[in-house]
$ cat target_17.csv   # CSV, C-alpha atoms and all ligand atoms
chain,number,residue,atom,x,y,z
K,148,MET,CA,-45.6,0.6,9.5
K,149,ILE,CA,-45.5,1.6,13.2
K,150,ILE,CA,-47.7,-1.4,14.3
K,151,SER,CA,-45.5,-3.9,12.4
K,152,PHE,CA,-42.4,-2.3,13.8
K,153,LEU,CA,-43.7,-2.6,17.4
K,154,ILE,CA,-44.7,-6.2,16.8
K,155,ARG,CA,-41.2,-6.9,15.5
K,156,CYS,CA,-39.6,-5.3,18.5
K,157,ILE,CA,-41.7,-7.3,20.9
K,158,ARG,CA,-41.0,-10.6,19.1
K,159,GLU,CA,-37.4,-10.1,18.1
K,160,VAL,CA,-35.7,-8.1,20.9
K,161,SER,CA,-35.3,-9.1,24.5
K,162,TRP,CA,-37.9,-7.3,26.6
K,163,ARG,CA,-35.3,-6.5,29.2
K,164,LEU,CA,-33.2,-4.7,26.6
K,165,LEU,CA,-36.2,-2.9,25.2
K,166,PHE,CA,-37.0,-1.6,28.6
K,167,LYS,CA,-33.4,-0.5,29.2
K,168,ALA,CA,-33.3,1.3,25.8
K,169,GLY,CA,-36.6,2.9,26.4
K,170,TRP,CA,-35.6,4.2,29.8
K,171,LEU,CA,-31.9,5.0,29.5
K,172,TRP,CA,-31.8,6.0,25.8
K,173,CYS,CA,-35.2,7.5,24.9
K,174,PHE,CA,-36.6,8.8,28.2
K,175,LYS,CA,-33.3,10.2,29.5
K,176,SER,CA,-32.4,11.7,26.1
K,177,PHE,CA,-35.7,13.5,26.1
K,178,PHE,CA,-34.7,15.2,29.3
K,179,ALA,CA,-31.1,15.7,28.1
K,180,LEU,CA,-32.5,17.6,25.2
K,181,ARG,CA,-34.7,19.7,27.5
K,182,ALA,CA,-31.7,20.6,29.7
K,183,PHE,CA,-29.7,21.4,26.6
K,184,LYS,CA,-32.4,23.8,25.3
K,185,ASN,CA,-32.4,25.4,28.7
K,186,ARG,CA,-28.6,25.9,28.6
K,187,ASN,CA,-28.9,27.4,25.1
K,188,LYS,CA,-31.3,30.0,26.4
K,189,HIS,CA,-28.6,31.1,28.8
K,190,ASP,CA,-25.9,30.9,26.2
K,191,ILE,CA,-24.2,28.0,28.0
K,192,LEU,CA,-22.4,25.6,25.7
K,193,PHE,CA,-22.6,22.0,26.8
K,194,PRO,CA,-23.9,19.2,24.6
K,195,PRO,CA,-26.7,16.7,25.5
K,196,PHE,CA,-24.7,13.8,24.0
K,197,LEU,CA,-21.1,12.9,23.7
K,198,PHE,CA,-18.8,10.8,21.6
K,199,PHE,CA,-15.7,9.1,22.9
K,200,SER,CA,-13.1,8.0,20.4
K,201,LEU,CA,-11.7,5.1,22.5
K,202,THR,CA,-8.7,4.2,20.3
K,203,THR,CA,-7.0,4.8,16.9
K,204,ALA,CA,-6.5,1.0,16.6
K,205,CYS,CA,-8.4,-0.8,14.0
K,206,ASN,CA,-8.3,-4.2,12.3
K,207,LEU,CA,-9.5,-2.8,9.0
K,208,HIS,CA,-8.4,-0.1,6.5
K,209,CYS,CA,-11.6,1.3,4.9
K,210,ARG,CA,-11.5,3.8,2.1
K,211,GLY,CA,-12.4,7.3,3.2
K,212,CYS,CA,-11.8,6.6,6.9
K,213,TRP,CA,-10.6,9.6,8.9
K,214,VAL,CA,-9.0,7.7,11.6
K,215,THR,CA,-5.3,7.2,10.9
K,216,GLN,CA,-2.7,5.4,12.9
K,217,GLU,CA,0.5,7.3,13.0
K,218,LYS,CA,3.3,5.7,11.1
K,219,GLY,CA,6.8,4.9,12.3
K,220,HIS,CA,8.8,2.5,14.4
K,221,ASN,CA,7.4,1.8,17.9
K,222,VAL,CA,4.4,4.0,17.2
K,223,SER,CA,1.4,2.2,18.9
K,224,PRO,CA,-2.2,3.1,18.5
K,225,VAL,CA,-3.4,5.8,21.0
K,226,SER,CA,-6.2,5.0,23.4
K,227,LEU,CA,-8.2,7.2,25.7
K,228,PRO,CA,-7.6,6.3,29.4
K,229,LEU,CA,-10.6,4.9,31.3
K,230,GLU,CA,-10.2,7.3,34.3
K,231,LYS,CA,-10.4,10.3,32.0
K,232,ILE,CA,-13.6,9.1,30.5
K,233,GLU,CA,-15.0,8.4,33.9
K,234,ARG,CA,-14.4,12.0,34.9
K,235,VAL,CA,-16.2,13.3,31.8
K,236,ILE,CA,-19.1,11.0,32.4
K,237,GLN,CA,-19.4,12.2,36.0
K,238,ILE,CA,-19.5,15.8,34.8
K,239,GLY,CA,-21.8,14.8,31.9
K,240,GLN,CA,-24.3,13.3,34.3
K,241,GLN,CA,-24.4,16.4,36.5
K,242,ASN,CA,-25.7,18.0,33.3
K,243,SER,CA,-28.2,15.3,32.3
K,244,VAL,CA,-25.9,13.6,29.7
K,245,TYR,CA,-26.6,9.9,29.7
K,246,PHE,CA,-26.1,8.8,26.1
K,247,TYR,CA,-22.6,8.2,24.9
K,248,THR,CA,-21.4,7.0,21.5
K,249,LEU,CA,-18.2,5.0,21.5
K,250,LEU,CA,-16.1,5.2,18.4
K,251,GLY,CA,-12.7,4.1,17.2
K,252,GLY,CA,-10.8,2.9,15.4
K,253,GLU,CA,-12.6,-0.2,16.5
K,254,PRO,CA,-13.9,0.0,20.1
K,255,PHE,CA,-14.0,-3.8,20.4
K,256,LEU,CA,-10.2,-3.8,20.4
K,257,THR,CA,-10.1,-2.1,23.8
K,258,THR,CA,-11.0,-3.3,27.2
K,259,THR,CA,-12.1,0.2,28.1
K,260,MET,CA,-15.3,-0.3,26.1
K,261,TRP,CA,-16.4,-3.1,28.3
K,262,GLU,CA,-15.3,-1.5,31.5
K,263,LEU,CA,-17.2,1.7,30.7
K,264,ILE,CA,-20.5,0.0,29.9
K,265,GLU,CA,-20.1,-2.2,33.0
K,266,HIS,CA,-19.3,0.7,35.3
K,267,HIS,CA,-22.2,2.9,34.2
K,268,PRO,CA,-25.5,0.9,34.2
K,269,GLU,CA,-27.3,4.3,34.6
K,270,ALA,CA,-26.1,5.4,31.1
K,271,TYR,CA,-26.7,4.1,27.6
K,272,PHE,CA,-23.9,3.4,25.1
K,273,GLN,CA,-24.0,3.1,21.4
K,274,VAL,CA,-20.9,1.3,20.0
K,275,ILE,CA,-20.1,2.0,16.4
K,276,THR,CA,-18.2,-1.0,15.2
K,277,ASN,CA,-17.2,-2.8,12.0
K,278,GLY,CA,-19.1,-5.9,13.2
K,279,GLN,CA,-16.2,-8.3,13.0
K,280,PHE,CA,-16.3,-9.3,16.7
K,281,PHE,CA,-19.7,-10.6,17.4
K,282,ASP,CA,-19.0,-14.2,18.5
K,283,THR,CA,-21.4,-15.9,20.9
K,284,ASN,CA,-19.5,-14.9,24.0
K,285,ASN,CA,-19.2,-11.2,23.1
K,286,VAL,CA,-22.9,-11.0,22.3
K,287,LYS,CA,-23.8,-12.8,25.5
K,288,ARG,CA,-21.7,-10.3,27.4
K,289,LEU,CA,-23.4,-7.4,25.7
K,290,LYS,CA,-26.8,-8.8,26.4
K,291,LYS,CA,-26.0,-9.3,30.0
K,292,LEU,CA,-24.9,-5.7,30.3
K,293,GLY,CA,-28.0,-4.5,28.5
K,294,ASN,CA,-27.3,-0.7,28.4
K,295,VAL,CA,-25.7,-0.9,25.0
K,296,SER,CA,-26.7,-0.9,21.4
K,297,PRO,CA,-24.1,-1.9,18.7
K,298,LEU,CA,-24.3,0.0,15.5
K,299,ILE,CA,-22.6,-2.1,12.7
K,300,SER,CA,-21.1,-0.4,9.7
K,301,ILE,CA,-22.1,-2.1,6.5
K,302,ASP,CA,-21.9,-0.1,3.3
K,303,GLY,CA,-24.0,-2.0,0.7
K,304,PHE,CA,-24.3,-5.5,-0.6
K,305,GLU,CA,-21.2,-7.7,-0.5
K,306,THR,CA,-19.3,-6.4,-3.5
K,307,GLU,CA,-19.9,-2.7,-2.7
K,308,ASN,CA,-19.2,-3.2,1.0
K,309,ASP,CA,-16.0,-5.3,0.5
K,310,ALA,CA,-14.7,-2.8,-2.1
K,311,ARG,CA,-14.7,-0.1,0.6
K,312,ARG,CA,-14.1,-2.1,3.8
K,313,GLY,CA,-12.1,-5.1,2.7
K,314,LEU,CA,-12.6,-8.6,1.4
K,315,GLY,CA,-14.7,-10.9,3.6
K,316,THR,CA,-15.9,-8.1,5.9
K,317,PHE,CA,-19.5,-8.2,4.7
K,318,ILE,CA,-20.0,-11.9,5.4
K,319,LYS,CA,-18.4,-11.6,8.8
K,320,ALA,CA,-20.6,-8.6,9.7
K,321,ILE,CA,-23.7,-10.4,8.5
K,322,ASN,CA,-22.7,-13.4,10.7
K,323,GLY,CA,-22.4,-11.0,13.5
K,324,CYS,CA,-26.0,-9.7,12.8
K,325,GLN,CA,-27.2,-13.2,12.9
K,326,GLU,CA,-25.7,-13.8,16.3
K,327,LEU,CA,-27.2,-10.5,17.6
K,328,CYS,CA,-30.5,-11.5,16.2
K,329,ARG,CA,-30.3,-15.0,17.7
K,330,GLN,CA,-29.6,-13.6,21.1
K,331,LYS,CA,-32.3,-10.9,20.7
K,332,LEU,CA,-30.1,-7.8,21.0
K,333,LEU,CA,-31.3,-4.3,20.2
K,334,TYR,CA,-28.9,-3.2,17.4
K,335,GLY,CA,-28.7,-1.1,14.3
K,336,VAL,CA,-26.8,-1.0,11.0
K,337,ALA,CA,-25.0,2.1,9.8
K,338,THR,CA,-24.7,2.6,6.0
K,339,VAL,CA,-22.6,5.3,4.3
K,340,VAL,CA,-24.3,6.3,1.1
K,341,THR,CA,-21.8,6.8,-1.7
K,342,ALA,CA,-22.2,7.6,-5.4
K,343,GLN,CA,-21.4,3.9,-6.0
K,344,ASN,CA,-23.9,2.3,-3.7
K,345,PHE,CA,-26.6,4.9,-4.0
K,346,GLU,CA,-29.0,2.9,-6.1
K,347,SER,CA,-28.7,-0.3,-4.0
K,348,VAL,CA,-28.7,0.9,-0.4
K,349,LEU,CA,-31.8,3.0,-0.7
K,350,THR,CA,-34.0,0.2,-1.7
K,351,GLU,CA,-36.6,-2.1,0.0
K,352,VAL,CA,-34.5,-5.2,-0.8
K,353,TYR,CA,-31.5,-3.7,1.0
K,354,ILE,CA,-33.5,-2.7,4.1
K,355,ARG,CA,-35.4,-5.9,4.2
K,356,GLN,CA,-32.3,-8.0,4.6
K,357,PHE,CA,-31.6,-6.2,7.9
K,358,ILE,CA,-35.2,-6.5,9.0
K,359,GLU,CA,-34.9,-10.2,8.5
K,360,LEU,CA,-31.7,-10.1,10.5
K,361,GLY,CA,-33.5,-8.4,13.4
K,362,ALA,CA,-32.0,-4.9,13.2
K,363,VAL,CA,-34.1,-2.3,14.9
K,364,TYR,CA,-32.7,0.7,13.2
K,365,LEU,CA,-30.8,1.6,10.0
K,366,TRP,CA,-28.7,4.7,10.2
K,367,TYR,CA,-27.8,6.4,6.9
K,368,TYR,CA,-24.7,8.6,6.7
K,369,ILE,CA,-23.5,10.5,3.6
K,370,TYR,CA,-20.0,9.9,2.5
K,371,ARG,CA,-17.4,12.5,3.5
K,372,PRO,CA,-14.4,12.6,1.3
K,373,VAL,CA,-11.7,12.8,4.0
K,374,GLY,CA,-8.7,10.7,5.1
K,375,MET,CA,-5.6,9.3,3.4
K,376,ASP,CA,-7.6,7.8,0.6
K,377,SER,CA,-10.4,10.3,0.4
K,378,ALA,CA,-11.9,8.9,-2.8
K,379,SER,CA,-13.8,12.1,-3.8
K,380,GLU,CA,-15.5,10.1,-6.6
K,381,LEU,CA,-17.6,8.4,-3.9
K,382,ALA,CA,-19.2,11.7,-2.9
K,383,VAL,CA,-22.9,11.9,-3.8
K,384,ASN,CA,-24.0,14.9,-5.9
K,385,ARG,CA,-26.8,17.4,-5.4
K,386,GLU,CA,-29.4,15.5,-7.4
K,387,GLN,CA,-28.6,12.3,-5.4
K,388,LEU,CA,-28.9,14.2,-2.1
K,389,SER,CA,-32.3,15.5,-3.1
K,390,GLU,CA,-33.4,12.0,-4.2
K,391,LEU,CA,-32.0,10.6,-1.0
K,392,ARG,CA,-34.3,12.8,1.0
K,393,LYS,CA,-37.3,11.8,-1.1
K,394,ARG,CA,-36.6,8.1,-0.9
K,395,LEU,CA,-36.1,8.2,2.9
K,396,LEU,CA,-39.5,9.8,3.3
K,397,ARG,CA,-41.0,7.2,1.1
K,398,LEU,CA,-39.3,4.2,2.8
K,399,ARG,CA,-40.1,5.5,6.3
K,400,ARG,CA,-43.8,5.1,5.7
K,401,LYS,CA,-43.3,1.6,4.4
K,402,MET,CA,-40.5,-0.3,6.2
K,403,PRO,CA,-41.0,-1.7,9.8
K,404,ILE,CA,-37.5,-0.4,10.9
K,405,ILE,CA,-36.4,3.0,12.2
K,406,LEU,CA,-34.6,4.8,9.3
K,407,ILE,CA,-32.3,7.5,10.8
K,408,ASP,CA,-30.7,10.4,9.2
K,409,THR,CA,-29.3,13.3,11.1
K,410,TYR,CA,-29.1,15.7,8.2
K,411,TRP,CA,-32.6,17.3,8.0
K,412,ASP,CA,-34.9,18.4,10.8
K,413,ALA,CA,-38.6,17.9,11.0
K,414,GLN,CA,-39.1,20.8,8.6
K,415,GLY,CA,-36.6,19.4,6.2
K,416,LYS,CA,-34.0,22.1,6.9
K,417,ALA,CA,-30.4,21.1,6.9
K,418,VAL,CA,-28.7,20.5,10.2
K,419,CYS,CA,-25.0,20.5,11.2
K,420,PRO,CA,-25.0,18.8,14.7
K,421,ALA,CA,-21.6,20.3,15.6
K,422,SER,CA,-22.8,23.9,14.8
K,423,LYS,CA,-25.8,23.3,17.0
K,424,GLY,CA,-23.5,22.0,19.8
K,425,MET,CA,-25.3,18.7,20.0
K,426,ALA,CA,-22.4,16.3,20.4
K,427,PHE,CA,-18.7,17.0,20.6
K,428,VAL,CA,-16.0,14.3,20.3
K,429,VAL,CA,-13.5,13.4,23.0
K,430,GLY,CA,-10.6,12.2,20.8
K,431,ALA,CA,-8.2,9.3,21.7
K,432,LYS,CA,-5.6,11.8,22.8
K,433,GLY,CA,-8.0,13.6,25.1
K,434,SER,CA,-8.7,16.4,22.6
K,435,ILE,CA,-12.2,18.0,22.3
K,436,GLU,CA,-13.1,18.1,18.7
K,437,PRO,CA,-16.2,19.6,16.9
K,438,CYS,CA,-17.3,16.3,15.2
K,439,PRO,CA,-15.8,12.9,14.2
K,440,PRO,CA,-14.4,13.8,10.7
K,441,ILE,CA,-12.9,17.2,11.9
K,442,THR,CA,-10.0,15.9,13.9
K,443,VAL,CA,-8.6,19.1,15.3
K,444,ALA,CA,-8.8,20.8,18.6
K,445,ARG,CA,-7.8,23.8,20.7
K,446,ASN,CA,-9.0,22.2,24.0
K,447,PHE,CA,-8.1,19.1,25.9
K,448,LEU,CA,-9.5,17.2,28.9
K,449,ASP,CA,-6.7,18.3,31.2
K,450,ASP,CA,-7.5,22.0,30.6
K,451,ASN,CA,-9.0,23.9,33.6
K,452,ASN,CA,-7.8,21.2,35.9
K,453,GLY,CA,-10.0,18.6,34.3
K,454,ASP,CA,-13.2,20.7,34.5
K,455,PHE,CA,-14.8,19.5,31.3
K,456,TYR,CA,-17.9,21.6,31.7
K,457,LYS,CA,-15.8,24.8,32.0
K,458,THR,CA,-13.5,23.8,29.1
K,459,ILE,CA,-16.4,23.2,26.7
K,460,ASN,CA,-18.5,26.2,27.8
K,461,GLU,CA,-15.5,28.6,27.6
K,462,SER,CA,-14.1,27.1,24.4
K,463,ASN,CA,-13.6,30.0,22.0
K,464,PHE,CA,-12.8,27.5,19.3
K,465,LEU,CA,-16.0,25.6,19.5
K,466,ARG,CA,-18.0,28.8,19.7
K,467,HIS,CA,-16.2,30.3,16.7
K,468,PHE,CA,-16.7,27.1,14.8
K,469,GLN,CA,-20.4,27.4,15.3
K,470,GLN,CA,-20.4,31.0,14.1
K,471,PHE,CA,-18.2,30.0,11.1
K,472,VAL,CA,-20.8,27.4,10.0
K,473,ARG,CA,-23.7,29.8,10.6
K,474,ASP,CA,-22.0,32.5,8.5
K,475,ARG,CA,-21.7,30.2,5.6
K,476,TYR,CA,-25.4,29.1,5.5
K,477,ASP,CA,-28.7,30.3,6.6
K,478,GLY,CA,-27.7,31.5,10.1
K,479,GLU,CA,-29.4,29.6,12.9
K,480,ARG,CA,-32.1,28.1,10.7
K,481,SER,CA,-30.3,25.8,8.4
K,482,GLN,CA,-26.7,24.6,8.0
K,483,GLY,CA,-24.9,22.2,5.7
K,484,CYS,CA,-21.5,20.6,6.1
K,485,VAL,CA,-18.6,23.0,5.8
K,486,LEU,CA,-16.2,20.1,5.4
K,487,ILE,CA,-17.9,19.3,2.0
K,488,ASP,CA,-19.1,22.7,0.8
K,489,TYR,CA,-16.2,25.0,2.0
K,490,PRO,CA,-13.0,22.9,2.6
K,491,GLN,CA,-10.6,25.7,1.8
K,492,GLU,CA,-12.4,28.3,4.0
K,493,LEU,CA,-12.5,25.7,6.7
K,494,ALA,CA,-8.7,25.2,6.4
K,495,GLU,CA,-8.2,28.9,6.6
K,496,PHE,CA,-10.5,29.2,9.7
K,497,LEU,CA,-8.7,26.4,11.5
K,498,ARG,CA,-5.3,28.0,10.8
K,499,GLN,CA,-6.5,31.2,12.3
K,500,GLU,CA,-7.8,29.3,15.3
K,501,GLN,CA,-4.3,27.7,15.6
K,502,VAL,CA,-5.7,24.3,16.2
K,503,VAL,CA,-3.7,21.2,16.9
K,504,ASP,CA,-4.1,18.6,14.1
K,505,LEU,CA,-4.8,15.2,15.7
K,506,SER,CA,-5.5,13.4,12.5
K,507,GLY,CA,-2.1,11.7,12.3
K,508,ARG,CA,-2.1,13.1,8.7
K,509,ASN,CA,-2.0,16.7,7.5
K,510,PHE,CA,-5.7,17.5,7.8
K,511,LEU,CA,-5.4,21.1,6.8
K,512,THR,CA,-3.4,20.4,3.7
K,513,GLU,CA,-6.0,17.8,2.8
K,514,LEU,CA,-8.6,20.5,3.1
K,515,ASP,CA,-6.6,22.9,0.9
K,516,THR,CA,-6.6,20.4,-1.9
K,517,ALA,CA,-10.1,19.0,-1.5
K,518,ILE,CA,-12.6,19.6,-4.2
K,519,PRO,CA,-15.7,21.3,-2.9
K,520,LYS,CA,-18.8,19.2,-3.3
K,521,THR,CA,-22.5,19.6,-2.3
K,522,SER,CA,-23.6,18.8,1.2
K,523,HIS,CA,-27.1,18.2,2.5
K,524,PHE,CA,-27.9,22.0,2.5
K,525,LEU,CA,-30.4,22.2,-0.3
K,526,PRO,CA,-32.0,25.6,-0.2
K,527,GLY,CA,-35.4,25.7,-2.0
K,528,GLU,CA,-35.7,21.9,-1.9
K,529,GLU,CA,-36.6,21.4,1.8
K,530,ILE,CA,-39.1,18.7,2.3
K,531,PRO,CA,-40.7,18.4,5.7
K,532,GLU,CA,-41.1,15.0,7.4
K,533,ASN,CA,-44.5,13.7,6.1
K,534,TYR,CA,-44.9,10.9,8.7
K,535,TRP,CA,-46.0,11.9,12.2
K,536,VAL,CA,-43.7,9.3,13.9
K,537,TYR,CA,-40.6,10.8,12.4
K,538,ARG,CA,-41.8,14.3,12.9
K,539,LEU,CA,-42.1,13.5,16.6
K,540,LEU,CA,-38.8,11.6,16.8
K,541,LYS,CA,-36.9,14.4,15.1
K,542,GLN,CA,-38.4,17.1,17.2
K,543,ASN,CA,-37.7,15.3,20.5
K,544,LEU,CA,-35.0,12.6,20.1
K,545,PHE,CA,-33.0,12.1,16.9
K,546,PHE,CA,-30.8,15.2,16.8
K,547,GLY,CA,-27.6,14.7,18.5
K,548,ILE,CA,-28.0,11.0,19.3
K,549,GLY,CA,-24.7,9.9,17.9
K,550,ALA,CA,-25.3,12.5,15.2
K,551,TYR,CA,-22.8,13.5,12.8
K,552,GLY,CA,-22.7,14.0,9.1
Z,1,LIG,S1,-19.5,16.3,9.5
Z,1,LIG,FE1,-20.2,18.3,8.7
Z,1,LIG,S2,-22.4,18.4,9.0
Z,1,LIG,FE2,-21.5,16.7,10.3
Z,1,LIG,S3,-21.2,17.7,12.3
Z,1,LIG,FE3,-19.3,17.8,11.1
Z,1,LIG,S4,-19.3,19.8,10.1
Z,1,LIG,FE4,-21.4,19.4,10.8

$ encode --input "target_17.csv" --output "structure tokens" --more "lines below"
Ligand code: SF4
Amino acid sequence: MIISFLIRCIREVSWRLLFKAGWLWCFKSFFALRAFKNRNKHDILFPPFLFFSLTTACNLHCRGCWVTQEKGHNVSPVSLPLEKIERVIQIGQQNSVYFYTLLGGEPFLTTTMWELIEHHPEAYFQVITNGQFFDTNNVKRLKKLGNVSPLISIDGFETENDARRGLGTFIKAINGCQELCRQKLLYGVATVVTAQNFESVLTEVYIRQFIELGAVYLWYYIYRPVGMDSASELAVNREQLSELRKRLLRLRRKMPIILIDTYWDAQGKAVCPASKGMAFVVGAKGSIEPCPPITVARNFLDDNNGDFYKTINESNFLRHFQQFVRDRYDGERSQGCVLIDYPQELAEFLRQEQVVDLSGRNFLTELDTAIPKTSHFLPGEEIPENYWVYRLLKQNLFFGIGAYG
């Protein structure tokens, strides 16, 4: 598999972009993780990677999306100001952070996305997008910049995808993939595994279509029932999770594409990136949140006169959150997703922490009424990575790179 994958990359991706990704993403991330491990030894809390939620604006209304635009007259979407992000990046780089994931809403609806990527050729950006904006000009511009990899959300074949993301979105995203492939960009596809699409998205046929479209990586997420239309029936059950793990291991040995999950480490133990302190989210209102679906905060960019490092390191909330997660699972060794397994306890904890709810909904009440499901914490069913490539990647690179559950 690895040889065919490398041949694919050489043939299908611009060499300049491969070099940039190798240097700015892989090489620098390796050192970011080393610096992070060092900080951990000294009980310093500061992540090796960061998310920026650039805006709450979006052109779609997907089921189960946790980003909500506030309702009411004259209420416009909120966007994170460029100068605030620049300040965070400056502090990030002083601490070896060079990989940033840009989220929305839809990042392509902002000019900030372009400005950030342009202003920071020394950093690498992953843009999580719904894939509706890849016309020839945008793709050309991304290619010219080079320090960016789009990650397009596609949740199954056309019927399944459009049922969740809206009619016509599949075809448009696939057209976008074709343009990215034609111009030889390094890009990936993100697929949320639900109870509905489980049987189709974990198959060779599904993966092969993206290989044919030139995608270099396919990132699997597990559906989180949150948001206005949380659709808890889409959540996968324990048997499916266990099967998901097995299928991923099998497909990884076979398919010439990188198949990413950020749920299990090289030993097959469950991981919660937020509880490990791998990547926090700077929300559109300047809030510092534990992870993308947990849209609450106690700390903001303006705290401590804008000293982002001090704000994170001294955040009682983020540290208490880590402890809260560890207490519910197997301590340091293995953690699932509290959002799925313990929604009521999480609501209680967040109330005690007196967090500010930035969801634009009533996140805590949603948690109160959520039905607990099973997350990726599967004690007794841990399966270690059985392919050396992925063992190596998981030990040295995967975790935290845009990781969330
Ligand atoms: S979604 Fe769940 S598993 Fe993922 S980082 Fe947040 S709390 Fe942890």

$ residues_near_ligand --input "target_17.csv" --ligand "ligand LIG 1 (chain Z)" --cutoff "8 Å" --atoms "all atoms listed in the file" --output "list in words"
Arg371, Tyr410, Val418, Cys419, Pro420, Ala421, Ser422, Pro437, Cys438, Pro439, Pro440, Ile441, Val472, Gln482, Gly483, Cys484, Val485, Leu486, Ile487, Ser522, Ala550, Tyr551 and Gly552 of chain K

$ residues_near_point --input "target_17.csv" --point "(-38.3, 22.1, -3.8)" --cutoff "12 Å" --atoms "all atoms listed in the file" --output "list in words"
Glu386, Ser389, Glu390, Arg392, Lys393, Gly415, Lys416, Leu525, Pro526, Gly527, Glu528, Glu529, Ile530 and Pro531 of chain K

$ residues_around --input "target_17.csv" --residues "segment 306-322 of chain K" --least-positions-apart "4" --cutoff "12 Å" --atoms "all atoms listed in the file" --output "PyMOL selection string"
chain K and resi 205-212+276-283+286+297-302+326-329+335-348+356-357+359-362+370+376-378+381

$ atom_distance --input "target_17.csv" --atom1 "atom CA of Leu165 of chain K" --atom2 "atom CA of Leu249 of chain K"
20.0 Å

$ atom_distance --input "target_17.csv" --atom1 "atom CA of Val363 of chain K" --atom2 "atom CA of Asn242 of chain K"
28.7 Å

$ atom_distance --input "target_17.csv" --atom1 "atom CA of Arg466 of chain K" --atom2 "atom CA of Gly424 of chain K"
8.7 Å

$ residues_around --input "target_17.csv" --residues "Gly169 of chain K" --least-positions-apart "3" --cutoff "12 Å" --atoms "only C-alpha atoms" --output "ChimeraX atom specification"
/K:156,162-166,172-177,270-271,293-296,333,544
